[in-house]
$ cat data_19.csv   # CSV, C-alpha atoms
chain,number,residue,atom,x,y,z
U,1,MET,CA,-6.2,40.8,-13.3
U,2,THR,CA,-5.1,39.5,-16.7
U,3,LEU,CA,-6.0,36.0,-17.9
U,4,SER,CA,-4.7,34.5,-21.1
U,5,VAL,CA,-5.5,31.4,-23.2
U,6,SER,CA,-4.0,30.1,-26.5
U,7,TYR,CA,-5.7,27.7,-28.8
U,8,ALA,CA,-6.1,26.8,-32.5
U,9,SER,CA,-9.6,26.5,-33.7
U,10,GLN,CA,-10.9,23.7,-35.9
U,11,ARG,CA,-13.3,24.1,-38.8
U,12,ASN,CA,-15.9,21.8,-37.3
U,13,GLU,CA,-16.1,24.2,-34.3
U,14,VAL,CA,-16.9,27.1,-36.6
U,15,LEU,CA,-19.5,24.9,-38.4
U,16,ARG,CA,-21.1,23.9,-35.0
U,17,TRP,CA,-21.2,27.6,-33.9
U,18,TYR,CA,-22.8,28.6,-37.2
U,19,TRP,CA,-25.5,25.8,-36.9
U,20,GLN,CA,-26.2,27.0,-33.3
U,21,MET,CA,-26.5,30.6,-34.5
U,22,TRP,CA,-28.8,29.5,-37.4
U,23,ARG,CA,-31.1,27.6,-35.0
U,24,ARG,CA,-31.2,30.6,-32.6
U,25,ARG,CA,-32.0,33.3,-35.1
U,26,LEU,CA,-30.1,33.3,-38.3
U,27,TRP,CA,-32.8,31.2,-40.0
U,28,LYS,CA,-35.0,34.3,-39.9
U,29,THR,CA,-32.4,36.4,-41.6
U,30,HIS,CA,-31.9,33.7,-44.2
U,31,CYS,CA,-35.6,33.5,-44.9
U,32,VAL,CA,-35.9,37.3,-45.4
U,33,VAL,CA,-32.8,37.4,-47.7
U,34,PHE,CA,-34.0,34.4,-49.7
U,35,LEU,CA,-37.5,35.8,-50.2
U,36,SER,CA,-36.1,39.3,-51.0
U,37,VAL,CA,-33.6,38.0,-53.6
U,38,ALA,CA,-36.1,35.5,-55.1
U,39,VAL,CA,-38.9,38.0,-55.4
U,40,GLY,CA,-36.4,40.6,-56.9
U,41,ALA,CA,-35.1,38.1,-59.3
U,42,SER,CA,-38.6,37.0,-60.3
U,43,LEU,CA,-39.6,40.6,-61.0
U,44,ALA,CA,-36.4,41.4,-62.8
U,45,ILE,CA,-36.4,38.3,-65.0
U,46,PHE,CA,-40.1,37.6,-65.5
U,47,GLY,CA,-41.8,40.9,-64.6
U,48,GLY,CA,-43.8,39.0,-62.0
U,49,VAL,CA,-44.4,35.4,-61.0
U,50,PRO,CA,-42.6,32.8,-63.2
U,51,THR,CA,-45.0,30.9,-65.4
U,52,GLY,CA,-43.3,27.4,-65.3
U,53,TRP,CA,-41.3,25.1,-63.1
U,54,SER,CA,-38.1,26.0,-64.7
U,55,GLY,CA,-38.7,29.7,-63.9
U,56,LEU,CA,-39.5,28.8,-60.3
U,57,TYR,CA,-36.4,26.7,-60.1
U,58,LEU,CA,-34.3,29.5,-61.5
U,59,VAL,CA,-35.7,32.0,-59.0
U,60,ALA,CA,-35.1,29.6,-56.1
U,61,VAL,CA,-31.5,29.0,-57.1
U,62,ILE,CA,-30.9,32.7,-57.4
U,63,GLY,CA,-32.4,33.2,-53.9
U,64,LEU,CA,-30.1,30.5,-52.5
U,65,VAL,CA,-26.9,32.1,-53.8
U,66,PRO,CA,-26.5,34.7,-51.0
U,67,LEU,CA,-27.3,32.1,-48.4
U,68,MET,CA,-24.4,30.0,-49.7
U,69,GLY,CA,-22.2,33.0,-49.3
U,70,PHE,CA,-23.4,33.4,-45.7
U,71,VAL,CA,-22.5,29.8,-45.0
U,72,LEU,CA,-19.2,29.8,-46.8
U,73,PHE,CA,-17.9,33.1,-45.4
U,74,PRO,CA,-17.1,31.8,-41.8
U,75,ILE,CA,-15.7,28.6,-43.3
U,76,LEU,CA,-13.4,30.5,-45.8
U,77,SER,CA,-12.4,33.2,-43.3
U,78,PHE,CA,-11.5,30.6,-40.8
U,79,LYS,CA,-8.0,31.0,-39.3
U,80,PRO,CA,-6.4,27.7,-38.1
U,81,GLU,CA,-3.3,29.4,-36.6
U,82,VAL,CA,-2.9,29.6,-32.8
U,83,ARG,CA,-4.8,32.5,-31.4
U,84,THR,CA,-4.1,34.1,-28.0
U,85,LEU,CA,-6.8,35.8,-26.1
U,86,SER,CA,-5.9,38.0,-23.1
U,87,ILE,CA,-8.6,39.5,-21.0
U,88,ASP,CA,-8.4,42.2,-18.4
U,89,ASP,CA,-10.6,45.1,-17.1
U,90,SER,CA,-10.3,47.0,-20.4
U,91,GLY,CA,-11.4,44.2,-22.7
U,92,ILE,CA,-10.1,41.4,-24.9
U,93,ALA,CA,-6.7,41.5,-26.7
U,94,THR,CA,-6.4,39.0,-29.5
U,95,THR,CA,-3.5,37.9,-31.5
U,96,ILE,CA,-3.1,35.5,-34.5
U,97,GLY,CA,0.3,35.6,-36.0
U,98,LYS,CA,1.1,39.2,-36.9
U,99,LEU,CA,-2.5,40.3,-36.6
U,100,SER,CA,-3.7,41.8,-33.3
U,101,ALA,CA,-6.7,43.7,-32.1
U,102,THR,CA,-8.3,44.9,-28.9
U,103,ILE,CA,-12.1,44.7,-28.2
U,104,GLY,CA,-13.7,46.6,-25.4
U,105,TRP,CA,-16.2,44.9,-23.2
U,106,SER,CA,-19.0,47.2,-24.5
U,107,ASP,CA,-18.5,45.5,-27.9
U,108,ILE,CA,-19.4,42.1,-26.5
U,109,ALA,CA,-23.0,41.1,-27.0
U,110,ASP,CA,-23.2,37.6,-25.5
U,111,VAL,CA,-21.2,34.9,-23.6
U,112,ARG,CA,-22.3,31.3,-23.8
U,113,GLU,CA,-21.0,27.9,-23.0
U,114,ASP,CA,-22.1,24.8,-24.9
U,115,GLY,CA,-20.0,22.3,-23.0
U,116,GLU,CA,-17.5,22.0,-25.8
U,117,SER,CA,-16.7,25.7,-26.2
U,118,LEU,CA,-16.9,29.1,-24.7
U,119,VAL,CA,-18.4,31.5,-27.3
U,120,ILE,CA,-17.8,35.2,-26.8
U,121,GLN,CA,-19.9,36.9,-29.4
U,122,ARG,CA,-19.3,40.5,-30.5
U,123,ARG,CA,-22.1,42.9,-31.4
U,124,ASN,CA,-21.1,42.6,-35.1
U,125,LEU,CA,-21.8,38.8,-34.8
U,126,ASN,CA,-18.2,37.8,-35.0
U,127,SER,CA,-17.3,35.4,-32.3
U,128,PHE,CA,-14.4,34.0,-30.4
U,129,ILE,CA,-15.0,30.2,-30.1
U,130,VAL,CA,-12.7,29.1,-27.3
U,131,PRO,CA,-12.6,25.3,-27.1
U,132,ALA,CA,-12.6,23.6,-23.7
U,133,ARG,CA,-9.3,22.0,-24.7
U,134,ALA,CA,-7.7,25.4,-24.5
U,135,PHE,CA,-7.8,25.4,-20.7
U,136,LEU,CA,-5.5,23.3,-18.7
U,137,THR,CA,-8.1,22.6,-16.0
U,138,VAL,CA,-11.8,22.9,-15.4
U,139,GLU,CA,-11.1,25.5,-12.8
U,140,ALA,CA,-9.1,27.6,-15.3
U,141,LYS,CA,-12.0,27.5,-17.7
U,142,THR,CA,-14.5,28.4,-15.0
U,143,GLU,CA,-12.3,31.4,-13.8
U,144,PHE,CA,-11.9,32.6,-17.4
U,145,THR,CA,-15.6,32.3,-18.2
U,146,ASP,CA,-16.7,33.9,-14.9
U,147,TYR,CA,-14.4,36.8,-15.5
U,148,VAL,CA,-15.6,37.4,-19.1
U,149,ARG,CA,-19.3,37.3,-17.9
U,150,GLU,CA,-18.6,39.7,-15.0
U,151,MET,CA,-16.8,42.2,-17.3
U,152,VAL,CA,-19.6,42.0,-19.9
U,153,LEU,CA,-22.3,42.5,-17.3
U,154,CYS,CA,-20.4,45.4,-15.8
U,155,SER,CA,-19.7,47.1,-19.1
U,156,PRO,CA,-21.1,50.6,-19.6
U,157,SER,CA,-23.3,49.5,-22.5
U,158,ARG,CA,-25.4,47.3,-20.3

$ encode --input "data_19.csv" --output "structure tokens"
Amino acid sequence: MTLSVSYASQRNEVLRWYWQMWRRRLWKTHCVVFLSVAVGASLAIFGGVPTGWSGLYLVAVIGLVPLMGFVLFPILSFKPEVRTLSIDDSGIATTIGKLSATIGWSDIADVREDGESLVIQRRNLNSFIVPARAFLTVEAKTEFTDYVREMVLCSPSR
């Protein structure tokens, strides 16, 4: 069986996904990165703990720089063109314009619905955010979602 869906993502959907990921677990990564960079900057610039407020401010700003990169990356790499996802027993085929790729089910880490979107997350944390509006009917969305979940659960990596 092959199922296909075409849609164009919106930037607010990417931001909503990022916020959900941040609340789930990305905040931990952000904290570790912030502390690592801030401590490294403090040691490199001051040879230890900064002595004044301006030094603390500088170290904090330096610690925030990579976090801004984390937030900006999905927004800047956002592709508003129409994407087509086709799923079958071997995996997900995706096409945006002239770009195409195939992802095996073993590369899929998680499948979630949040009411507004179906999120198919890869192991590398990239995700397909399929909006509910991409499906013609509720039944089509349910069939697509159930098939993806079944394939992910049955993949050899599980």

$ residues_around --input "data_19.csv" --residues "range 18-35 of chain U" --least-positions-apart "2" --cutoff "9 Å" --atoms "all atoms listed in the file" --output "ChimeraX atom specification"
/U:13-16,37-40,60,62-67,70-71,74

$ residues_around --input "data_19.csv" --residues "Tyr7 in chain U" --least-positions-apart "2" --cutoff "8 Å" --atoms "all atoms listed in the file" --output "ChimeraX atom specification"
/U:5,9,82-84,130-131,133-134

$ write_last_selection --input "data_19.csv" --atoms "C-alpha atoms" --output "PDB file, in the frame of the given file"
ATOM      1  CA  VAL U   5      -5.500  31.400 -23.200  1.00  0.00           C
ATOM      2  CA  SER U   9      -9.600  26.500 -33.700  1.00  0.00           C
ATOM      3  CA  VAL U  82      -2.900  29.600 -32.800  1.00  0.00           C
ATOM      4  CA  ARG U  83      -4.800  32.500 -31.400  1.00  0.00           C
ATOM      5  CA  THR U  84      -4.100  34.100 -28.000  1.00  0.00           C
ATOM      6  CA  VAL U 130     -12.700  29.100 -27.300  1.00  0.00           C
ATOM      7  CA  PRO U 131     -12.600  25.300 -27.100  1.00  0.00           C
ATOM      8  CA  ARG U 133      -9.300  22.000 -24.700  1.00  0.00           C
ATOM      9  CA  ALA U 134      -7.700  25.400 -24.500  1.00  0.00           C
TER      10      ALA U 134
END

$ atom_distance --input "data_19.csv" --atom1 "CA of Ser4 in chain U" --atom2 "CA of Met151 in chain U"
14.8 Å

$ residues_around --input "data_19.csv" --residues "range 106-116 of chain U" --least-positions-apart "4" --cutoff "12 Å" --atoms "only C-alpha atoms" --output "number ranges by chain"
U: 12-14, 16-17, 20-21, 89-92, 102, 120-135, 138, 141-142, 144-158

$ atom_distance --input "data_19.csv" --atom1 "CA of Ile96 in chain U" --atom2 "CA of Gln10 in chain U"
14.2 Å

$ closest_residue --input "data_19.csv" --among "U:Lys98, U:Ile103, U:Val119, U:Arg11" --to "Ser77 in chain U" --atoms "only C-alpha atoms"
U:Arg11

$ closest_residue --input "data_19.csv" --among "U:Ile87, U:Leu58, U:Ser36, U:Ile45" --to "Gly104 in chain U" --atoms "only C-alpha atoms"
U:Ile87

$ atom_distance --input "data_19.csv" --atom1 "CA of Trp105 in chain U" --atom2 "CA of Met1 in chain U"
14.7 Å

$ closest_residue --input "data_19.csv" --among "U:Val49, U:Leu43, U:Leu3, U:Leu99" --to "Ser86 in chain U" --atoms "all atoms listed in the file"
U:Leu3
